[in-house]
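So this block is upload-v7.tsv, TSV, C-alpha atoms and all ligand atoms:
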```tsv
chain	number	residue	atom	x	y	z
X	290	PRO	CA	45.69	13.49	-28.92
X	291	LEU	CA	42.64	12.44	-26.90
X	292	PRO	CA	39.45	12.14	-28.98
X	293	THR	CA	37.04	14.99	-28.24
X	294	ILE	CA	33.77	14.19	-26.50
X	295	TYR	CA	30.95	16.32	-27.94
X	296	VAL	CA	28.10	16.40	-25.45
X	297	ILE	CA	24.73	17.56	-26.81
X	298	THR	CA	22.36	18.84	-24.10
X	299	PRO	CA	18.81	20.05	-24.78
X	300	THR	CA	17.65	22.47	-22.10
X	301	TYR	CA	14.63	24.68	-21.44
X	302	THR	CA	13.69	27.58	-19.19
X	303	ARG	CA	12.27	26.59	-15.82
X	304	LEU	CA	12.97	27.26	-12.15
X	305	VAL	CA	15.57	24.52	-11.75
X	306	GLN	CA	17.42	25.17	-15.03
X	307	LYS	CA	20.42	27.03	-13.61
X	308	ALA	CA	20.80	24.51	-10.82
X	309	GLU	CA	20.77	21.65	-13.34
X	310	LEU	CA	23.28	23.37	-15.62
X	311	THR	CA	25.53	24.16	-12.67
X	312	ARG	CA	25.58	20.55	-11.53
X	313	LEU	CA	26.23	19.33	-15.05
X	314	SER	CA	28.99	21.83	-15.76
X	315	HIS	CA	30.84	20.82	-12.62
X	316	THR	CA	30.91	17.25	-13.86
X	317	PHE	CA	32.04	18.26	-17.34
X	318	LEU	CA	34.82	20.51	-15.98
X	319	LEU	CA	36.46	17.35	-14.66
X	320	VAL	CA	36.45	15.66	-18.09
X	321	PRO	CA	39.43	16.36	-20.39
X	322	GLN	CA	38.80	17.36	-24.01
X	323	LEU	CA	35.04	17.80	-23.69
X	324	HIS	CA	33.03	20.22	-25.84
X	325	TRP	CA	29.55	21.04	-24.60
X	326	ILE	CA	26.84	21.75	-27.19
X	327	VAL	CA	23.97	23.34	-25.31
X	328	VAL	CA	20.76	23.65	-27.32
X	329	GLU	CA	18.03	25.77	-25.81
X	330	ASP	CA	14.43	24.91	-26.50
X	331	SER	CA	13.61	28.53	-27.17
X	332	PRO	CA	13.01	30.94	-30.09
X	333	HIS	CA	16.13	32.85	-28.94
X	334	LYS	CA	19.18	32.34	-26.75
X	335	THR	CA	18.40	33.42	-23.21
X	336	SER	CA	20.73	35.64	-21.21
X	337	LEU	CA	20.62	33.19	-18.31
X	338	VAL	CA	22.18	30.43	-20.41
X	339	SER	CA	24.51	32.79	-22.35
X	340	ASP	CA	25.92	34.30	-19.16
X	341	PHE	CA	26.11	30.93	-17.50
X	342	LEU	CA	28.10	29.38	-20.35
X	343	SER	CA	30.49	32.28	-20.75
X	344	HIS	CA	31.48	31.92	-17.08
X	345	SER	CA	31.47	28.13	-17.04
X	346	GLY	CA	35.11	27.56	-17.96
X	347	LEU	CA	34.04	24.96	-20.52
X	348	ALA	CA	34.56	24.76	-24.27
X	349	PHE	CA	31.03	25.18	-25.54
X	350	THR	CA	28.71	25.96	-28.43
X	351	HIS	CA	25.41	27.66	-27.65
X	352	LEU	CA	22.52	26.92	-30.04
X	353	HIS	CA	18.77	27.25	-29.88
X	354	VAL	CA	15.68	25.93	-31.61
X	355	ALA	CA	12.11	26.10	-30.31
X	356	THR	CA	10.04	22.94	-30.22
X	357	PRO	CA	6.93	23.65	-32.35
X	358	ARG	CA	3.94	24.25	-30.11
X	359	GLU	CA	1.99	21.20	-31.26
X	360	ARG	CA	4.95	18.98	-30.30
X	361	LYS	CA	5.44	20.49	-26.89
X	362	LEU	CA	4.23	18.79	-23.73
X	363	GLN	CA	1.51	20.89	-22.08
X	364	GLU	CA	1.17	21.44	-18.34
X	365	GLY	CA	-0.65	18.40	-16.93
X	366	ASP	CA	0.18	16.09	-19.88
X	367	PRO	CA	1.72	12.79	-18.81
X	368	ASN	CA	5.42	12.93	-19.69
X	369	TRP	CA	5.32	9.85	-21.92
X	370	LEU	CA	2.90	11.58	-24.32
X	371	LYS	CA	5.53	13.36	-26.43
X	372	PRO	CA	9.29	12.95	-26.72
X	373	ARG	CA	11.33	15.87	-25.36
X	374	GLY	CA	14.50	17.48	-26.70
X	375	VAL	CA	14.13	16.03	-30.21
X	376	GLU	CA	14.59	19.17	-32.33
X	377	GLN	CA	17.38	20.28	-30.01
X	378	ARG	CA	19.41	17.07	-30.40
X	379	ASN	CA	18.92	17.25	-34.17
X	380	GLU	CA	20.12	20.85	-34.13
X	381	GLY	CA	23.27	19.71	-32.31
X	382	LEU	CA	23.83	17.07	-35.00
X	383	ARG	CA	23.28	19.67	-37.71
X	384	TRP	CA	25.94	21.92	-36.15
X	385	LEU	CA	28.42	19.05	-35.90
X	386	ARG	CA	27.92	18.16	-39.56
X	387	GLU	CA	28.24	21.75	-40.68
X	388	THR	CA	31.32	22.39	-38.57
X	389	ASN	CA	33.05	19.20	-39.64
X	390	ARG	CA	32.23	19.41	-43.34
X	391	ASN	CA	35.86	19.25	-44.41
X	392	ARG	CA	37.46	17.14	-41.72
X	393	ALA	CA	36.48	14.24	-39.56
X	394	GLU	CA	38.39	14.59	-36.33
X	395	ASP	CA	38.59	11.64	-33.98
X	396	ALA	CA	35.62	12.32	-31.71
X	397	VAL	CA	32.51	10.89	-30.10
X	398	VAL	CA	29.00	12.31	-29.67
X	399	TYR	CA	26.93	11.82	-26.50
X	400	PHE	CA	23.40	13.05	-25.72
X	401	ALA	CA	23.27	14.22	-22.11
X	402	ASP	CA	19.96	15.47	-20.73
X	403	ASP	CA	20.38	18.25	-18.19
X	404	ASP	CA	18.82	16.40	-15.24
X	405	ASN	CA	20.67	13.08	-15.30
X	406	THR	CA	23.67	12.14	-13.14
X	407	TYR	CA	26.95	11.22	-14.85
X	408	SER	CA	30.02	9.57	-13.36
X	409	LEU	CA	33.41	10.70	-14.62
X	410	GLN	CA	34.32	7.16	-15.62
X	411	LEU	CA	31.49	7.09	-18.13
X	412	PHE	CA	33.32	9.60	-20.32
X	413	GLU	CA	36.50	7.55	-20.43
X	414	GLU	CA	34.45	4.50	-21.39
X	415	MET	CA	32.89	6.29	-24.37
X	416	ARG	CA	35.93	8.24	-25.53
X	417	TRP	CA	37.36	5.48	-27.74
X	418	THR	CA	34.07	4.51	-29.42
X	419	GLN	CA	34.61	3.11	-32.93
X	420	ARG	CA	30.99	3.20	-34.09
X	421	VAL	CA	28.37	3.01	-31.32
X	422	SER	CA	29.17	2.14	-27.72
X	423	VAL	CA	26.58	1.13	-25.10
X	424	TRP	CA	26.30	0.64	-21.32
X	425	PRO	CA	23.71	0.30	-18.55
X	426	VAL	CA	21.55	3.21	-17.33
X	427	GLY	CA	20.37	3.24	-13.72
X	428	LEU	CA	16.93	4.21	-12.41
X	429	VAL	CA	15.16	4.10	-15.76
X	430	GLY	CA	12.10	2.53	-17.34
X	431	GLY	CA	10.60	1.66	-13.97
X	432	MET	CA	13.59	-0.58	-13.27
X	433	ARG	CA	16.71	-0.42	-11.07
X	434	TYR	CA	18.61	-0.37	-14.33
X	435	GLU	CA	18.31	-1.26	-17.99
X	436	ARG	CA	21.24	-2.70	-19.88
X	437	PRO	CA	22.46	-4.48	-22.97
X	438	VAL	CA	23.18	-8.14	-22.18
X	439	VAL	CA	26.60	-9.27	-23.38
X	440	GLU	CA	27.67	-12.80	-24.28
X	441	GLN	CA	31.16	-13.58	-25.58
X	442	GLY	CA	31.87	-9.89	-25.92
X	443	ARG	CA	28.80	-9.14	-28.06
X	444	VAL	CA	25.43	-7.59	-27.26
X	445	VAL	CA	22.87	-10.36	-27.72
X	446	ARG	CA	19.75	-8.78	-26.20
X	447	PHE	CA	18.55	-6.09	-23.81
X	448	HIS	CA	17.43	-6.20	-20.19
X	449	THR	CA	14.46	-3.84	-20.19
X	450	GLY	CA	11.04	-3.87	-18.58
X	451	TRP	CA	9.19	-2.70	-21.64
X	452	ARG	CA	8.98	-3.76	-25.29
X	453	PRO	CA	12.31	-5.56	-25.56
X	454	SER	CA	11.47	-6.12	-29.23
X	455	ARG	CA	12.26	-2.50	-30.04
X	456	PRO	CA	15.30	-2.36	-32.39
X	457	PHE	CA	17.35	-0.53	-29.74
X	458	PRO	CA	15.56	-0.51	-26.37
X	459	LEU	CA	18.15	1.90	-24.96
X	460	ASP	CA	17.77	5.13	-23.04
X	461	MET	CA	19.26	8.29	-24.58
X	462	ALA	CA	21.91	8.21	-21.82
X	463	GLY	CA	22.96	4.66	-22.69
X	464	PHE	CA	24.95	5.11	-25.90
X	465	ALA	CA	27.53	7.25	-27.72
X	466	VAL	CA	28.25	7.49	-31.44
X	467	SER	CA	31.52	8.22	-33.19
X	468	LEU	CA	31.54	11.56	-34.99
X	469	ARG	CA	32.77	9.80	-38.14
X	470	LEU	CA	29.63	7.63	-38.18
X	471	VAL	CA	27.44	10.74	-37.75
X	472	LEU	CA	29.20	12.41	-40.67
X	473	VAL	CA	29.04	9.47	-43.09
X	474	ASN	CA	25.30	9.08	-42.36
X	475	PRO	CA	24.07	12.62	-43.02
X	476	GLU	CA	20.42	11.56	-42.85
X	477	ALA	CA	20.59	10.00	-39.38
X	478	ARG	CA	18.45	11.97	-36.94
X	479	PHE	CA	15.87	11.61	-34.19
X	480	ASP	CA	12.31	11.19	-35.45
X	481	GLY	CA	9.87	13.04	-33.23
X	482	ASP	CA	7.01	11.16	-34.89
X	483	ALA	CA	8.43	7.76	-33.96
X	484	PRO	CA	6.08	5.75	-31.72
X	485	MET	CA	6.59	6.04	-27.98
X	486	GLY	CA	9.89	4.48	-26.93
X	487	PHE	CA	11.29	4.39	-30.46
X	488	LEU	CA	13.12	7.73	-30.46
X	489	GLU	CA	16.55	6.24	-29.76
X	490	SER	CA	15.88	3.47	-32.28
X	491	SER	CA	14.92	5.98	-34.98
X	492	PHE	CA	18.44	7.41	-34.80
X	493	LEU	CA	20.47	4.25	-34.14
X	494	GLN	CA	18.73	2.10	-36.77
X	495	SER	CA	20.37	4.01	-39.60
X	496	LEU	CA	23.81	3.72	-37.98
X	497	VAL	CA	24.40	0.19	-36.63
X	498	THR	CA	23.12	-3.30	-36.00
X	499	MET	CA	22.89	-4.85	-32.54
X	500	GLU	CA	25.84	-7.14	-33.32
X	501	GLU	CA	28.05	-4.12	-33.99
X	502	LEU	CA	27.39	-2.40	-30.65
X	503	GLU	CA	30.51	-1.95	-28.49
X	504	PRO	CA	29.74	-2.91	-24.89
X	505	LYS	CA	31.46	-0.67	-22.29
X	506	ALA	CA	31.40	-0.43	-18.49
X	507	ASP	CA	32.78	-3.92	-17.85
X	508	MET	CA	30.68	-5.66	-20.49
X	509	CYS	CA	27.65	-3.64	-19.39
X	510	THR	CA	27.78	-4.77	-15.77
X	511	LYS	CA	28.46	-1.34	-14.20
X	512	VAL	CA	26.01	1.53	-13.82
X	513	LEU	CA	27.85	4.80	-14.55
X	514	VAL	CA	24.89	7.04	-15.42
X	515	TRP	CA	21.54	7.51	-13.71
X	516	HIS	CA	18.29	8.75	-15.19
X	517	THR	CA	17.56	11.01	-12.24
X	518	ARG	CA	14.70	13.51	-12.40
X	519	THR	CA	14.36	16.73	-10.48
X	520	GLU	CA	11.23	17.58	-8.55
X	521	LYS	CA	9.43	20.69	-9.71
X	522	PRO	CA	9.67	23.23	-6.88
X	523	LYS	CA	6.40	24.56	-5.52
X	524	MET	CA	6.06	28.33	-5.43
X	525	LYS	CA	3.23	28.49	-2.92
X	526	ARG	CA	4.84	31.01	-0.56
X	527	GLU	CA	6.14	33.09	-3.43
X	528	GLU	CA	2.61	33.71	-4.64
X	529	ALA	CA	1.35	34.55	-1.16
X	530	MET	CA	4.24	36.98	-0.61
X	531	LEU	CA	3.68	38.57	-4.01
X	532	LYS	CA	0.08	39.35	-3.07
X	533	GLN	CA	1.39	41.29	-0.07
X	534	GLY	CA	3.85	43.17	-2.25
X	535	LEU	CA	6.72	41.15	-0.74
X	536	GLY	CA	7.61	38.97	-3.72
X	537	SER	CA	11.22	38.00	-4.42
X	538	ASP	CA	13.25	40.51	-6.45
X	539	PRO	CA	12.94	39.46	-10.13
X	540	ALA	CA	16.37	41.04	-10.75
X	541	ILE	CA	17.97	38.28	-8.68
X	542	GLU	CA	18.61	35.37	-11.02
X	543	VAL	CA	17.84	31.92	-9.68
X	601	LIG	N1	13.66	19.45	-22.66
X	601	LIG	C1	13.50	20.47	-23.59
X	601	LIG	N2	12.25	21.02	-23.78
X	601	LIG	C2	11.15	20.61	-23.07
X	601	LIG	C3	11.32	19.57	-22.13
X	601	LIG	C4	12.57	19.01	-21.95
X	601	LIG	O1	14.47	20.85	-24.24
X	601	LIG	O2	10.06	21.16	-23.27
X	601	LIG	C5	15.00	18.86	-22.44
X	601	LIG	C6	15.38	18.71	-20.98
X	601	LIG	O3	16.02	19.86	-20.50
X	601	LIG	C7	16.28	17.48	-21.00
X	601	LIG	C8	15.72	16.67	-22.17
X	601	LIG	O4	14.98	17.56	-22.99
X	601	LIG	O5	17.63	17.82	-21.25
X	601	LIG	C9	14.81	15.53	-21.71
X	601	LIG	O6	13.74	16.07	-20.97
X	601	LIG	P1	13.29	15.47	-19.55
X	601	LIG	O7	14.50	15.32	-18.69
X	601	LIG	O8	12.17	16.30	-19.03
X	601	LIG	O9	12.75	14.05	-20.03
X	601	LIG	P2	12.57	12.72	-19.18
X	601	LIG	O10	13.71	12.59	-18.24
X	601	LIG	O11	11.28	12.88	-18.49
X	601	LIG	O12	12.57	11.68	-20.23
X	602	MN	MN	15.21	13.72	-17.59
```
Conversion result in structure tokens:
Amino acid sequence: PLPTIYVITPTYTRLVQKAELTRLSHTFLLVPQLHWIVVEDSPHKTSLVSDFLSHSGLAFTHLHVATPRERKLQEGDPNWLKPRGVEQRNEGLRWLRETNRNRAEDAVVYFADDDNTYSLQLFEEMRWTQRVSVWPVGLVGGMRYERPVVEQGRVVRFHTGWRPSRPFPLDMAGFAVSLRLVLVNPEARFDGDAPMGFLESSFLQSLVTMEELEPKADMCTKVLVWHTRTEKPKMKREEAMLKQGLGSDPAIEV
């Protein structure tokens, strides 16, 4: 049987959320044997996400955990100030460990933010991961792409514009981990207190060494995932209309 791909996606309520989840789900529907673990950054599961998932046609698990207030980015904060989606990814890992307590199926775990863009080929590259597989990520870190550099089939360094001395200067979208490795390292998790840029390293450091990384996507020469970001829509007219009593119907879900 094909190894399962468990995709862990942190997500939070905002105007573009349903659009992001729709786009993502349409990619995942084209991937065989994929299980989507959606973790809401919220004190409760929202009906928007619950209803969305139940009609998605995907195999899914719906979880939630709220980011503590002091860890949350505030309106106007620069986005590099605090890491996002940390507690949610850890909650996904917790669920995987709990669910797989008595068996280690052949599977791989991937962390997919809700705003990135994923090619279908990426999933076939990661499916047969032994320990940790890696590949380039496009449009990230102020660069056209970042990538592991491969020589004689091994990762020897990283092409990145910033702090290449980090243990694993990889974007969240640039690696996948075998479920077995997650299960045999029950302490491995993302450290929200790690210095800026060290979130991925905080997790990967307890799992592998650079020499053990499995380069995918043609020895890390192909970009199959893009760190796209969605513009925040401006609600200028909405506010003006609301003042005239002509606001959009709140019963219509967007
Ligand atoms: N996210 C979240 N809570 C937040 C902000 C972001 O759960 O308060 C999620 C978001 O939906 C995404 C991931 O965390 O799946 C990374 O966030 P974002 O895409 O904003 O980060 P960036 O691309 O700027 O690194
Ligand atoms: Mn993003």
| task | Work out how far apart CA of Thr300 (chain X) and CA of Lys334 (chain X) are and give it in Å to one decimal. | result |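 Here the two named atoms are 11.0 Å from each other.
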| query | Which residue, X:Val398, X:Ala462, X:Ala348, X:Val473, has the smallest gap to ligand LIG 601 (chain X) when you use all atoms listed in the file? | reply | X:Ala462
Could the residues of chain X that have an atom at most 9 Å from ligand MN 602 (chain X) be listed as JSON lines, each with its closest atom pair and the distance in Å to one decimal, counting only C-alpha atoms and all ligand atoms and ordered by chain and ascending residue number?
```
{"residue": "X:Arg373", "atom": "CA", "partner": "X:MN602", "partner_atom": "MN", "distance": 8.9}
{"residue": "X:Asp402", "atom": "CA", "partner": "X:MN602", "partner_atom": "MN", "distance": 6.0}
{"residue": "X:Asp403", "atom": "CA", "partner": "X:MN602", "partner_atom": "MN", "distance": 6.9}
{"residue": "X:Asp404", "atom": "CA", "partner": "X:MN602", "partner_atom": "MN", "distance": 5.1}
{"residue": "X:Asn405", "atom": "CA", "partner": "X:MN602", "partner_atom": "MN", "distance": 6.0}
{"residue": "X:His516", "atom": "CA", "partner": "X:MN602", "partner_atom": "MN", "distance": 6.3}
{"residue": "X:Thr517", "atom": "CA", "partner": "X:MN602", "partner_atom": "MN", "distance": 6.4}
{"residue": "X:Arg518", "atom": "CA", "partner": "X:MN602", "partner_atom": "MN", "distance": 5.2}
{"residue": "X:Thr519", "atom": "CA", "partner": "X:MN602", "partner_atom": "MN", "distance": 7.8}
```
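With distances taken over all atoms listed in the file, X:Pro539 is the one residue among X:Pro475, X:Pro372, X:Gly463, X:Pro539 lying closest to Glu527 (chain X).
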| message | Let me see if you get this right: every residue at most 10 Å from ligand LIG 601 (chain X), counting only C-alpha atoms and all ligand atoms, written as a ChimeraX atom specification. | response | /X:297-303,305-306,309-310,327-331,353-358,360-363,367-369,371-378,400-405,429-430,460-462,516-519
| Within 12 Å of Arg383 (chain X) using only C-alpha atoms, minus same-chain residues under 2 positions, as a list of chain:residue names | X:Ile297, X:Ile326, X:Val328, X:Leu352, X:His353, X:Val354, X:Glu376, X:Gln377, X:Arg378, X:Asn379, X:Glu380, X:Gly381, X:Leu385, X:Arg386, X:Glu387, X:Thr388, X:Asn389, X:Arg390, X:Leu468, X:Val471, X:Leu472, X:Asn474, X:Pro475, X:Glu476, X:Ala477, X:Arg478, X:Phe479
| Pick from X:Leu370, X:Leu513, X:Ala540, X:Val397: nearest to Thr418 (chain X), with all atoms listed in the file counted? |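 For Thr418 (chain X), the nearest of the given residues is X:Val397.
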| request: Just give me the gap between CA of Thr311 (chain X) and CA of Phe341 (chain X) in Å, one decimal is fine. | output: 8.3 Å
| task | Would you work out the distance separating CA of Gly427 (chain X) from CA of Val543 (chain X), expressed in Å to one decimal? | result |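 Value for the CA of Gly427 (chain X)-CA of Val543 (chain X) distance: 29.1 Å.
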| field | Option closest in space to Phe487 (chain X), from X:Phe349, X:Trp515, X:Trp325, X:Trp451 [counting only C-alpha atoms] | value |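 Closest to Phe487 (chain X) of all the choices is X:Trp451.
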| Counting all atoms listed in the file, the residue of X:Gly534, X:Gly486, X:Pro292, X:Pro504 that sits nearest Ala393 (chain X) | X:Pro292
Would you mind listing what lies within 12 Å of Leu409 (chain X) as a PDB file with C-alpha atoms, keeping the file's coordinate frame, with only C-alpha atoms counted and same-chain residues fewer than 3 positions away left out?
```
ATOM      1  CA  LEU X 313      26.230  19.330 -15.050  1.00  0.00           C
ATOM      2  CA  HIS X 315      30.840  20.820 -12.620  1.00  0.00           C
ATOM      3  CA  THR X 316      30.910  17.250 -13.860  1.00  0.00           C
ATOM      4  CA  PHE X 317      32.040  18.260 -17.340  1.00  0.00           C
ATOM      5  CA  LEU X 318      34.820  20.510 -15.980  1.00  0.00           C
ATOM      6  CA  LEU X 319      36.460  17.350 -14.660  1.00  0.00           C
ATOM      7  CA  VAL X 320      36.450  15.660 -18.090  1.00  0.00           C
ATOM      8  CA  PRO X 321      39.430  16.360 -20.390  1.00  0.00           C
ATOM      9  CA  LEU X 323      35.040  17.800 -23.690  1.00  0.00           C
ATOM     10  CA  THR X 406      23.670  12.140 -13.140  1.00  0.00           C
ATOM     11  CA  PHE X 412      33.320   9.600 -20.320  1.00  0.00           C
ATOM     12  CA  GLU X 413      36.500   7.550 -20.430  1.00  0.00           C
ATOM     13  CA  GLU X 414      34.450   4.500 -21.390  1.00  0.00           C
ATOM     14  CA  MET X 415      32.890   6.290 -24.370  1.00  0.00           C
ATOM     15  CA  ARG X 416      35.930   8.240 -25.530  1.00  0.00           C
ATOM     16  CA  ALA X 506      31.400  -0.430 -18.490  1.00  0.00           C
ATOM     17  CA  VAL X 512      26.010   1.530 -13.820  1.00  0.00           C
ATOM     18  CA  LEU X 513      27.850   4.800 -14.550  1.00  0.00           C
ATOM     19  CA  VAL X 514      24.890   7.040 -15.420  1.00  0.00           C
TER      20      VAL X 514
END
```
